[in-house]
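Engineer: Contents are compact mmCIF, C-alpha atoms and all ligand atoms; file name data_20.txt:
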```
# COMPACT_ATOMS: atom_id res chain seq x y z
CA MET A 1 47.04 30.53 -82.91
CA ASN A 2 44.65 27.65 -83.14
CA ASN A 3 44.37 26.27 -79.62
CA LYS A 4 41.94 23.57 -80.56
CA LYS A 5 44.27 22.15 -83.18
CA ILE A 6 47.19 22.33 -80.78
CA ALA A 7 45.13 20.46 -78.19
CA THR A 8 44.44 17.69 -80.71
CA LEU A 9 48.16 17.42 -81.47
CA VAL A 10 49.01 17.32 -77.77
CA GLU A 11 46.53 14.49 -77.34
CA ALA A 12 47.98 12.46 -80.23
CA PHE A 13 51.50 13.08 -78.98
CA SER A 14 50.87 12.20 -75.35
CA GLU A 15 49.06 9.02 -76.39
CA GLY A 16 52.14 8.00 -78.29
CA SER A 17 50.61 8.06 -81.78
CA MET A 18 52.84 10.92 -82.97
CA THR A 19 56.61 11.35 -82.89
CA ARG A 20 58.22 14.29 -81.07
CA ARG A 21 59.59 15.57 -84.37
CA ASP A 22 56.16 15.58 -86.02
CA PHE A 23 54.65 17.22 -82.98
CA ILE A 24 57.17 20.06 -83.05
CA LYS A 25 56.83 20.50 -86.82
CA LYS A 26 53.06 20.62 -86.70
CA THR A 27 52.76 22.93 -83.68
CA MET A 28 55.27 25.31 -85.31
CA ALA A 29 53.10 25.33 -88.42
CA LEU A 30 50.28 26.46 -86.15
CA GLY A 31 52.30 29.41 -84.91
CA LEU A 32 54.36 28.19 -81.95
CA SER A 33 58.01 29.18 -81.83
CA MET A 34 60.56 26.37 -81.95
CA ALA A 35 61.45 26.94 -78.29
CA GLY A 36 57.77 27.06 -77.36
CA ALA A 37 57.01 23.86 -79.29
CA MET A 38 59.90 22.07 -77.61
CA THR A 39 58.79 23.15 -74.17
CA VAL A 40 55.25 21.95 -74.81
CA ALA A 41 56.59 18.68 -76.23
CA ASP A 42 58.75 18.10 -73.16
CA SER A 43 55.97 18.83 -70.74
CA PHE A 44 53.67 16.36 -72.49
CA PHE A 45 56.25 13.72 -73.27
CA PRO A 46 55.18 10.98 -70.90
CA GLU A 47 57.83 10.10 -68.42
CA THR A 48 57.82 6.48 -69.47
CA ARG A 49 58.49 7.34 -73.09
CA ARG A 50 61.37 9.60 -72.13
CA ALA A 51 62.84 6.91 -69.89
CA TYR A 52 62.48 4.24 -72.51
CA ALA A 53 63.57 6.06 -75.66
CA ALA A 54 66.55 4.03 -76.83
CA GLN A 55 69.74 5.37 -78.29
CA VAL A 56 69.83 3.88 -81.75
CA ASP A 57 72.85 4.01 -84.02
CA LYS A 58 71.03 4.80 -87.26
CA SER A 59 74.14 4.14 -89.36
CA LYS A 60 73.93 0.48 -88.34
CA LEU A 61 70.31 0.00 -89.39
CA SER A 62 69.54 -2.15 -92.42
CA LYS A 63 67.18 -0.93 -95.13
CA GLU A 64 64.76 -3.78 -94.50
CA LEU A 65 63.60 -6.04 -91.68
CA ASN A 66 61.91 -9.39 -92.28
CA ILE A 67 59.37 -10.43 -89.67
CA TYR A 68 57.54 -13.77 -89.41
CA ASN A 69 54.68 -13.69 -86.86
CA TRP A 70 51.42 -15.46 -86.00
CA SER A 71 48.47 -14.07 -87.95
CA ASP A 72 46.31 -11.35 -86.32
CA TYR A 73 48.96 -10.61 -83.76
CA ILE A 74 50.02 -6.96 -84.13
CA ALA A 75 48.39 -3.53 -84.01
CA GLU A 76 47.62 -1.62 -87.18
CA ASP A 77 50.19 1.08 -86.52
CA THR A 78 53.04 -0.97 -84.99
CA ILE A 79 54.86 -1.45 -88.30
CA PRO A 80 54.09 1.93 -89.95
CA ASN A 81 55.30 3.81 -86.84
CA PHE A 82 58.54 1.80 -86.77
CA GLU A 83 59.12 2.36 -90.48
CA LYS A 84 58.57 6.09 -90.08
CA GLU A 85 60.73 6.50 -87.02
CA PHE A 86 63.70 4.41 -88.19
CA GLY A 87 63.45 4.57 -91.99
CA VAL A 88 63.44 0.74 -92.23
CA LYS A 89 61.04 -1.10 -94.52
CA VAL A 90 59.38 -4.04 -92.79
CA ASN A 91 58.46 -7.19 -94.75
CA TYR A 92 55.85 -9.13 -92.84
CA ASP A 93 54.70 -12.77 -93.24
CA THR A 94 52.43 -14.83 -90.99
CA TYR A 95 52.03 -18.43 -89.85
CA GLU A 96 49.46 -20.37 -87.80
CA ASP A 97 51.37 -22.62 -85.41
CA ASN A 98 54.74 -23.25 -83.76
CA GLU A 99 55.41 -26.46 -85.64
CA ALA A 100 55.07 -24.69 -89.01
CA LEU A 101 57.54 -22.06 -87.82
CA LEU A 102 59.97 -24.75 -86.65
CA ALA A 103 59.78 -26.60 -89.97
CA LYS A 104 60.49 -23.35 -91.81
CA LEU A 105 63.59 -22.58 -89.76
CA GLN A 106 64.81 -26.18 -90.01
CA SER A 107 64.64 -25.95 -93.77
CA GLY A 108 67.58 -23.51 -93.69
CA ALA A 109 68.18 -19.80 -94.12
CA THR A 110 64.80 -18.17 -94.48
CA GLY A 111 65.83 -14.52 -94.54
CA TYR A 112 63.72 -13.89 -91.44
CA ASP A 113 65.14 -11.51 -88.84
CA ILE A 114 62.38 -11.89 -86.25
CA VAL A 115 60.22 -14.91 -85.40
CA VAL A 116 57.68 -15.31 -82.58
CA PRO A 117 57.88 -18.77 -80.94
CA THR A 118 55.99 -19.77 -77.80
CA GLY A 119 58.12 -20.55 -74.70
CA TYR A 120 58.32 -24.31 -75.25
CA MET A 121 59.31 -23.70 -78.87
CA VAL A 122 62.11 -21.35 -77.82
CA GLU A 123 63.40 -24.30 -75.78
CA ILE A 124 63.23 -26.62 -78.80
CA MET A 125 64.84 -24.08 -81.13
CA LEU A 126 67.66 -23.46 -78.66
CA LYS A 127 68.39 -27.18 -78.41
CA GLN A 128 68.56 -27.30 -82.19
CA GLY A 129 70.84 -24.25 -82.38
CA LEU A 130 68.38 -22.25 -84.46
CA LEU A 131 68.42 -18.96 -82.52
CA ALA A 132 71.04 -16.22 -82.27
CA PRO A 133 72.06 -14.84 -78.88
CA ILE A 134 70.78 -11.30 -78.45
CA ASN A 135 72.90 -8.30 -77.46
CA ARG A 136 70.99 -7.24 -74.39
CA GLY A 137 72.88 -3.93 -74.41
CA ASN A 138 70.89 -2.98 -77.51
CA ILE A 139 67.63 -3.74 -75.72
CA PRO A 140 67.56 -1.49 -72.63
CA ASN A 141 63.78 -1.76 -72.44
CA LEU A 142 64.23 -5.34 -71.22
CA LYS A 143 64.37 -3.79 -67.77
CA GLY A 144 60.66 -3.00 -68.02
CA ILE A 145 59.31 -6.52 -68.46
CA SER A 146 57.35 -8.05 -65.64
CA LYS A 147 59.24 -10.09 -63.07
CA GLU A 148 57.49 -13.36 -63.93
CA LEU A 149 58.74 -13.17 -67.51
CA SER A 150 62.25 -11.87 -66.94
CA ASP A 151 64.00 -15.20 -66.36
CA PRO A 152 61.94 -17.98 -67.96
CA PRO A 153 62.97 -21.65 -67.64
CA TYR A 154 63.07 -22.08 -71.43
CA ASP A 155 65.63 -19.27 -71.86
CA PRO A 156 67.46 -18.63 -68.56
CA GLY A 157 68.63 -15.04 -68.30
CA ARG A 158 66.73 -14.16 -71.47
CA LYS A 159 69.80 -14.49 -73.64
CA HIS A 160 67.88 -15.35 -76.83
CA SER A 161 64.36 -13.98 -76.60
CA VAL A 162 62.20 -11.11 -75.38
CA PRO A 163 58.53 -11.44 -74.50
CA TRP A 164 55.89 -10.29 -77.02
CA GLN A 165 52.44 -11.09 -75.55
CA TRP A 166 50.99 -13.78 -73.29
CA GLY A 167 47.61 -15.43 -72.82
CA THR A 168 45.57 -18.56 -72.32
CA THR A 169 44.01 -21.16 -74.60
CA GLY A 170 40.46 -21.84 -73.43
CA PHE A 171 37.43 -21.78 -75.69
CA ALA A 172 35.19 -19.27 -77.42
CA PHE A 173 31.44 -19.83 -77.29
CA ASN A 174 28.29 -18.22 -78.61
CA ALA A 175 26.28 -17.31 -75.50
CA LYS A 176 23.01 -17.27 -77.47
CA LYS A 177 23.47 -20.83 -78.75
CA VAL A 178 25.26 -22.75 -76.02
CA LYS A 179 22.87 -23.56 -73.20
CA GLY A 180 23.36 -23.90 -69.46
CA LYS A 181 26.49 -23.35 -67.46
CA VAL A 182 29.57 -22.85 -69.60
CA ASP A 183 32.59 -23.94 -67.61
CA THR A 184 33.84 -27.25 -68.97
CA TRP A 185 35.66 -28.79 -71.91
CA ASP A 186 32.88 -31.42 -71.93
CA LEU A 187 30.81 -29.03 -74.08
CA LEU A 188 33.21 -29.61 -76.96
CA TRP A 189 32.21 -33.28 -76.85
CA ASN A 190 28.45 -32.65 -76.67
CA PRO A 191 26.69 -34.28 -79.69
CA GLU A 192 24.02 -31.57 -79.51
CA TYR A 193 26.57 -29.20 -80.99
CA LYS A 194 27.74 -31.51 -83.77
CA GLY A 195 29.16 -29.55 -86.70
CA LYS A 196 29.32 -26.34 -84.64
CA ILE A 197 32.53 -27.19 -82.80
CA THR A 198 36.13 -26.52 -83.80
CA MET A 199 39.52 -27.24 -82.26
CA LEU A 200 42.79 -25.42 -82.88
CA ASP A 201 44.77 -26.68 -85.84
CA ASP A 202 47.72 -27.10 -83.53
CA MET A 203 49.13 -30.45 -82.45
CA ARG A 204 50.17 -29.70 -78.88
CA SER A 205 47.19 -27.45 -78.12
CA ALA A 206 44.53 -29.81 -79.48
CA ILE A 207 45.98 -32.80 -77.62
CA SER A 208 46.28 -30.71 -74.43
CA VAL A 209 42.49 -30.43 -74.18
CA ALA A 210 42.00 -34.19 -74.04
CA LEU A 211 44.81 -34.50 -71.50
CA LYS A 212 43.23 -31.84 -69.29
CA ARG A 213 39.81 -33.48 -69.55
CA LEU A 214 41.43 -36.66 -68.31
CA GLY A 215 43.05 -34.80 -65.43
CA TYR A 216 46.58 -35.23 -66.80
CA SER A 217 49.36 -32.74 -67.38
CA LEU A 218 49.35 -31.19 -70.84
CA ASN A 219 53.03 -32.12 -70.95
CA ALA A 220 52.26 -35.83 -70.57
CA THR A 221 54.94 -38.12 -71.92
CA SER A 222 53.49 -41.47 -70.87
CA GLU A 223 52.29 -43.54 -73.79
CA LYS A 224 49.33 -44.80 -71.78
CA GLU A 225 48.05 -41.28 -71.00
CA LEU A 226 48.60 -40.13 -74.54
CA MET A 227 46.70 -43.13 -75.95
CA GLU A 228 43.74 -42.28 -73.69
CA ALA A 229 43.87 -38.71 -74.99
CA LYS A 230 43.92 -39.99 -78.55
CA LYS A 231 40.84 -42.12 -77.90
CA LEU A 232 38.94 -39.07 -76.62
CA LEU A 233 39.95 -36.98 -79.60
CA MET A 234 38.92 -39.76 -81.99
CA GLU A 235 35.49 -39.74 -80.34
CA GLN A 236 35.30 -35.98 -80.79
CA LYS A 237 36.38 -35.89 -84.42
CA PRO A 238 32.93 -36.65 -85.97
CA LEU A 239 31.48 -33.69 -84.03
CA LEU A 240 34.02 -31.22 -85.39
CA LYS A 241 33.52 -28.81 -88.20
CA ALA A 242 37.28 -28.47 -88.50
CA TYR A 243 40.68 -28.16 -86.90
CA ILE A 244 41.16 -24.44 -87.49
CA SER A 245 43.06 -21.64 -85.72
CA ALA A 246 42.97 -17.84 -86.25
CA PRO A 247 40.70 -18.02 -89.36
CA VAL A 248 37.91 -19.50 -87.19
CA LYS A 249 37.05 -15.95 -86.12
CA SER A 250 34.93 -15.29 -89.20
CA LEU A 251 32.94 -18.50 -88.55
CA LEU A 252 32.29 -17.48 -84.96
CA ILE A 253 31.26 -13.99 -86.03
CA SER A 254 28.83 -15.27 -88.67
CA GLY A 255 27.32 -17.75 -86.18
CA GLU A 256 28.36 -20.77 -88.23
CA VAL A 257 30.42 -22.08 -85.33
CA TRP A 258 29.40 -21.96 -81.63
CA LEU A 259 32.23 -23.57 -79.68
CA SER A 260 35.91 -23.20 -80.56
CA GLN A 261 39.05 -24.04 -78.73
CA LEU A 262 40.77 -20.68 -79.13
CA TRP A 263 43.19 -18.19 -77.58
CA VAL A 264 41.68 -15.42 -75.48
CA GLY A 265 42.70 -12.51 -77.73
CA ASP A 266 41.41 -14.02 -80.95
CA THR A 267 38.14 -14.74 -79.13
CA LEU A 268 37.83 -11.13 -78.02
CA MET A 269 38.71 -9.89 -81.51
CA ALA A 270 35.72 -11.93 -82.72
CA LYS A 271 33.66 -10.47 -79.88
CA ASP A 272 34.50 -6.97 -81.17
CA GLU A 273 32.36 -7.95 -84.20
CA ASN A 274 29.72 -10.09 -82.49
CA GLU A 275 28.68 -9.38 -78.90
CA ASP A 276 27.28 -12.90 -78.41
CA ILE A 277 30.77 -14.38 -78.29
CA ASP A 278 32.44 -15.01 -74.95
CA TYR A 279 35.51 -16.72 -73.59
CA CYS A 280 35.82 -19.53 -71.05
CA ILE A 281 38.78 -20.83 -69.07
CA PRO A 282 37.40 -24.30 -68.24
CA LYS A 283 37.39 -25.69 -64.73
CA GLU A 284 39.60 -28.61 -65.80
CA GLY A 285 42.30 -26.08 -66.66
CA CYS A 286 44.07 -25.16 -69.86
CA GLU A 287 47.24 -23.84 -71.35
CA ILE A 288 48.87 -20.53 -70.43
CA TRP A 289 51.62 -19.40 -72.77
CA ASP A 290 53.97 -16.58 -73.57
CA ASP A 291 55.15 -15.81 -77.06
CA ASN A 292 58.56 -14.31 -77.69
CA LEU A 293 60.47 -12.30 -80.23
CA ALA A 294 63.61 -14.19 -81.25
CA ILE A 295 66.27 -13.84 -83.94
CA PRO A 296 67.11 -16.87 -86.12
CA LYS A 297 70.80 -17.66 -86.37
CA SER A 298 70.62 -17.07 -90.11
CA ALA A 299 69.04 -13.60 -89.75
CA PRO A 300 70.61 -11.10 -92.14
CA HIS A 301 69.81 -8.01 -90.01
CA GLN A 302 70.61 -8.75 -86.38
CA TYR A 303 71.13 -5.15 -85.18
CA THR A 304 67.90 -3.89 -86.73
CA ALA A 305 66.09 -6.89 -85.24
CA GLU A 306 67.33 -5.86 -81.80
CA VAL A 307 66.13 -2.29 -82.44
CA TRP A 308 62.73 -3.79 -83.30
CA MET A 309 62.75 -5.78 -80.05
CA ASN A 310 63.55 -2.69 -78.04
CA TYR A 311 60.84 -0.71 -79.85
CA CYS A 312 58.25 -3.44 -79.12
CA LEU A 313 59.11 -3.29 -75.43
CA ARG A 314 58.31 0.42 -75.19
CA PRO A 315 55.30 0.66 -72.89
CA GLU A 316 53.13 2.57 -75.35
CA VAL A 317 54.01 0.26 -78.26
CA SER A 318 53.36 -2.92 -76.27
CA ALA A 319 50.12 -1.45 -74.93
CA ALA A 320 48.93 -0.53 -78.42
CA VAL A 321 49.48 -4.14 -79.53
CA SER A 322 47.65 -5.50 -76.48
CA ASN A 323 44.75 -3.09 -76.92
CA PHE A 324 44.38 -4.16 -80.52
CA VAL A 325 44.71 -7.93 -80.18
CA HIS A 326 43.37 -8.31 -76.60
CA TYR A 327 46.31 -10.31 -75.28
CA ALA A 328 48.25 -9.46 -72.13
CA THR A 329 51.29 -7.20 -72.17
CA PRO A 330 54.54 -8.46 -70.66
CA VAL A 331 55.63 -4.84 -69.98
CA GLU A 332 54.77 -3.60 -66.52
CA ALA A 333 54.69 0.13 -67.38
CA ALA A 334 52.42 -0.61 -70.37
CA LYS A 335 49.54 -1.49 -68.07
CA LYS A 336 48.59 2.11 -67.53
CA PHE A 337 47.93 2.46 -71.28
CA ILE A 338 45.75 -0.66 -71.47
CA ASN A 339 42.07 0.05 -71.88
CA LYS A 340 40.03 -0.57 -68.75
CA ASP A 341 37.83 -3.31 -70.21
CA ASP A 342 40.86 -5.41 -71.07
CA LEU A 343 42.73 -4.70 -67.86
CA ASN A 344 39.71 -5.85 -65.83
CA ASN A 345 38.98 -8.85 -68.01
CA PRO A 346 39.86 -12.02 -66.05
CA GLY A 347 40.13 -13.91 -69.34
CA ILE A 348 43.13 -11.74 -70.26
CA TYR A 349 44.61 -11.21 -66.80
CA PRO A 350 43.42 -14.25 -64.82
CA SER A 351 43.11 -14.16 -61.03
CA ALA A 352 45.65 -15.96 -58.84
CA GLU A 353 42.98 -18.58 -58.19
CA VAL A 354 42.47 -19.30 -61.91
CA MET A 355 46.23 -19.23 -62.53
CA LYS A 356 46.49 -22.40 -60.42
CA ARG A 357 44.55 -24.31 -63.09
CA LEU A 358 46.82 -23.17 -65.91
CA GLU A 359 49.89 -24.93 -67.21
CA PHE A 360 52.73 -23.89 -69.52
CA GLN A 361 53.79 -26.25 -72.29
CA LYS A 362 57.28 -27.69 -72.16
CA ASP A 363 59.36 -29.51 -74.72
CA VAL A 364 58.17 -33.12 -74.36
CA GLY A 365 61.41 -34.45 -75.87
CA GLU A 366 61.23 -38.04 -77.16
CA ALA A 367 57.46 -38.14 -76.65
CA THR A 368 57.06 -35.62 -79.48
CA ARG A 369 57.11 -38.69 -81.73
CA ILE A 370 53.91 -39.97 -80.06
CA TYR A 371 52.23 -36.58 -80.36
CA ASP A 372 53.16 -36.46 -84.05
CA GLN A 373 51.71 -39.93 -84.59
CA ILE A 374 48.45 -39.09 -82.81
CA TRP A 375 48.11 -35.87 -84.74
CA THR A 376 48.67 -37.57 -88.09
CA GLU A 377 46.05 -40.20 -87.29
CA LEU A 378 43.54 -37.61 -86.09
CA LYS A 379 43.92 -35.50 -89.18
CA ALA A 380 43.48 -38.57 -91.39
CA ALA A 381 40.45 -39.96 -89.50
C1 LIG B 401 47.68 -15.15 -82.78
C2 LIG B 401 47.62 -15.68 -81.43
C3 LIG B 401 48.75 -16.57 -81.14
C4 LIG B 401 48.77 -17.06 -79.80
N1 LIG B 401 46.46 -14.64 -83.28
C5 LIG B 401 49.28 -18.45 -79.65
N2 LIG B 401 50.49 -18.58 -79.06
```
Go ahead and express the file in the form of structure tokens.
Ligand code: N2P
Structural biologist:
Amino acid sequence: MNNKKIATLVEAFSEGSMTRRDFIKKTMALGLSMAGAMTVADSFFPETRRAYAAQVDKSKLSKELNIYNWSDYIAEDTIPNFEKEFGVKVNYDTYEDNEALLAKLQSGATGYDIVVPTGYMVEIMLKQGLLAPINRGNIPNLKGISKELSDPPYDPGRKHSVPWQWGTTGFAFNAKKVKGKVDTWDLLWNPEYKGKITMLDDMRSAISVALKRLGYSLNATSEKELMEAKKLLMEQKPLLKAYISAPVKSLLISGEVWLSQLWVGDTLMAKDENEDIDYCIPKEGCEIWDDNLAIPKSAPHQYTAEVWMNYCLRPEVSAAVSNFVHYATPVEAAKKFINKDDLNNPGIYPSAEVMKRLEFQKDVGEATRIYDQIWTELKAA
């Protein structure tokens, strides 16, 4: 018997990167009896995985599942492992901001089974009747989500959404290029960095920075406050290289851009490739958000979508996503699988003190019209 090979299999299995069936098959091929392989599997099957393994009715699964998610927002093995375990082929498309997702769903049946709106966008989609209620009975892993996210104001009782990942929207900076103390949004208005600055290509997020700099809520609805924010953003526009979201990572990595309004995880993904990049939650405050898996009303494969939701809430699956994209997991039991650097990174899991400076976006209702107008003018300027 090859003990070394068995040890490698045990490691892969206990980390969650191998199914129980594969583990048993492969250890038997190495000489273990079926009973022996099953005993080893059971002793190494982490308690959490056993507790969270859902009972899936395979006869109800569809052949395919159509997912629409933000770009760079999943681990490499999340989809292949699901496809292998459930025999469902996943079709995967990406988008860059909530408003693009909304426009897509408003345009009618899209064929998507899973979409990933931010909290405030769940609220908007619910008001517009775009989301299907979920059968919570098919999603037992909901019991594992952290308390703070279990009953959000935008979806009371979590009847239409389950949490995916959460994070903050501060800015990325190149520590070799940006001088002095880095703790304020003011840097993104500094003419010294002209042409090296970017802002998110995202209406609400971009406008939120100006509002925070002015000391206002990022959910401002007053025309006066919003006009002041517009003025600030108009002043900033000539300093910008672009309004750009996830694709800015390659510009940060190459050193072409030094200061970018950006989400924490995308910043740290860029840092994986270029050590000089760091993340700042500015002293004026910024946005905190949670993104959610939801099922459009027109989804063709509701049951399979719920199986996907339940799978994503398994601690080891959620942790693998978080470890890959450097966002925070909403699953309490996943924390023990999160790598230490990320778990101790206050950019990803901010302290209670920093949390006080953070604000969630809400649906701004009628004022959306003013945001739209400002955004159109900024883009055209
Ligand atoms: C995707 C990050 C999306 C977070 N790379 C914004 N809600």
Engineer: Looking at A:Glu148, A:Glu76, A:Asp363, A:Asp291, which one is nearest to ligand LIG 401 (chain B), with distances taken over all atoms listed in the file?
Structural biologist: A:Asp291
Engineer: Please, which residues have at least one atom within 8 Å of an atom of ligand LIG 401 (chain B), using all atoms listed in the file, listed as a ChimeraX atom specification?
Structural biologist: /A:70-73,96-98,117-118,166-167,169,246,263,265-266,289-291,325
Engineer: What does the distance from atom CA of A:Gly31 to atom CA of A:Asn81 come to in Å, to one decimal?
Structural biologist: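 Rounded to one decimal, the two atoms are 25.8 Å apart.
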Engineer: In terms of the shortest atom-to-atom distance over all atoms listed in the file, which of A:Met355, A:Leu259, A:Leu226, A:Ala305 is closest to A:Tyr371?
Structural biologist: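 Counting all atoms listed in the file, the residue closest to A:Tyr371 is A:Leu226.
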Engineer: Between A:Lys25, A:Lys60, A:Lys230, A:Lys212, single out the one closest to A:Ile370, counting all atoms listed in the file.
Structural biologist: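 Closest to A:Ile370, using all atoms listed in the file: A:Lys230.
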Engineer: Out of A:Asn344, A:Ser205, A:Ser33, A:Gln373, which residue has the shortest atom-to-atom distance to A:Ala328 when counting all atoms listed in the file?
Structural biologist: A:Asn344
Engineer: If I only want stretch 57-101 of chain A, can you write it with C-alpha atoms, as a PDB file, in the first residue's frame?
Structural biologist:
```
ATOM      1  CA  ASP A  57     -33.265  15.320  -5.435  1.00  0.00           C
ATOM      2  CA  LYS A  58     -31.147  14.621  -8.510  1.00  0.00           C
ATOM      3  CA  SER A  59     -34.204  13.768 -10.619  1.00  0.00           C
ATOM      4  CA  LYS A  60     -35.306  17.397 -10.312  1.00  0.00           C
ATOM      5  CA  LEU A  61     -32.027  18.893 -11.519  1.00  0.00           C
ATOM      6  CA  SER A  62     -31.919  20.580 -14.916  1.00  0.00           C
ATOM      7  CA  LYS A  63     -29.174  19.763 -17.408  1.00  0.00           C
ATOM      8  CA  GLU A  64     -27.902  23.339 -17.383  1.00  0.00           C
ATOM      9  CA  LEU A  65     -27.709  26.334 -15.068  1.00  0.00           C
ATOM     10  CA  ASN A  66     -27.241  29.894 -16.335  1.00  0.00           C
ATOM     11  CA  ILE A  67     -25.326  32.210 -14.025  1.00  0.00           C
ATOM     12  CA  TYR A  68     -24.759  35.957 -14.445  1.00  0.00           C
ATOM     13  CA  ASN A  69     -22.164  37.344 -12.001  1.00  0.00           C
ATOM     14  CA  TRP A  70     -19.745  40.251 -11.572  1.00  0.00           C
ATOM     15  CA  SER A  71     -16.415  39.634 -13.295  1.00  0.00           C
ATOM     16  CA  ASP A  72     -13.527  38.169 -11.234  1.00  0.00           C
ATOM     17  CA  TYR A  73     -15.864  37.053  -8.518  1.00  0.00           C
ATOM     18  CA  ILE A  74     -15.594  33.259  -8.174  1.00  0.00           C
ATOM     19  CA  ALA A  75     -12.893  30.681  -7.448  1.00  0.00           C
ATOM     20  CA  GLU A  76     -11.380  28.611 -10.218  1.00  0.00           C
ATOM     21  CA  ASP A  77     -12.901  25.353  -9.000  1.00  0.00           C
ATOM     22  CA  THR A  78     -16.342  26.546  -7.812  1.00  0.00           C
ATOM     23  CA  ILE A  79     -18.070  25.745 -11.108  1.00  0.00           C
ATOM     24  CA  PRO A  80     -16.125  22.595 -12.110  1.00  0.00           C
ATOM     25  CA  ASN A  81     -16.741  21.029  -8.671  1.00  0.00           C
ATOM     26  CA  PHE A  82     -20.474  21.773  -8.898  1.00  0.00           C
ATOM     27  CA  GLU A  83     -20.676  20.371 -12.428  1.00  0.00           C
ATOM     28  CA  LYS A  84     -18.899  17.206 -11.345  1.00  0.00           C
ATOM     29  CA  GLU A  85     -20.915  16.648  -8.215  1.00  0.00           C
ATOM     30  CA  PHE A  86     -24.361  17.334  -9.683  1.00  0.00           C
ATOM     31  CA  GLY A  87     -23.918  16.573 -13.384  1.00  0.00           C
ATOM     32  CA  VAL A  88     -25.209  20.048 -14.340  1.00  0.00           C
ATOM     33  CA  LYS A  89     -23.489  22.147 -16.993  1.00  0.00           C
ATOM     34  CA  VAL A  90     -23.013  25.748 -15.892  1.00  0.00           C
ATOM     35  CA  ASN A  91     -23.148  28.595 -18.434  1.00  0.00           C
ATOM     36  CA  TYR A  92     -21.440  31.643 -16.987  1.00  0.00           C
ATOM     37  CA  ASP A  93     -21.589  35.309 -18.086  1.00  0.00           C
ATOM     38  CA  THR A  94     -20.262  38.403 -16.326  1.00  0.00           C
ATOM     39  CA  TYR A  95     -21.167  42.069 -15.890  1.00  0.00           C
ATOM     40  CA  GLU A  96     -19.510  45.116 -14.306  1.00  0.00           C
ATOM     41  CA  ASP A  97     -22.177  46.970 -12.341  1.00  0.00           C
ATOM     42  CA  ASN A  98     -25.616  46.694 -10.753  1.00  0.00           C
ATOM     43  CA  GLU A  99     -27.273  49.071 -13.185  1.00  0.00           C
ATOM     44  CA  ALA A 100     -26.203  46.934 -16.168  1.00  0.00           C
ATOM     45  CA  LEU A 101     -27.669  43.887 -14.444  1.00  0.00           C
TER      46      LEU A 101
END
```
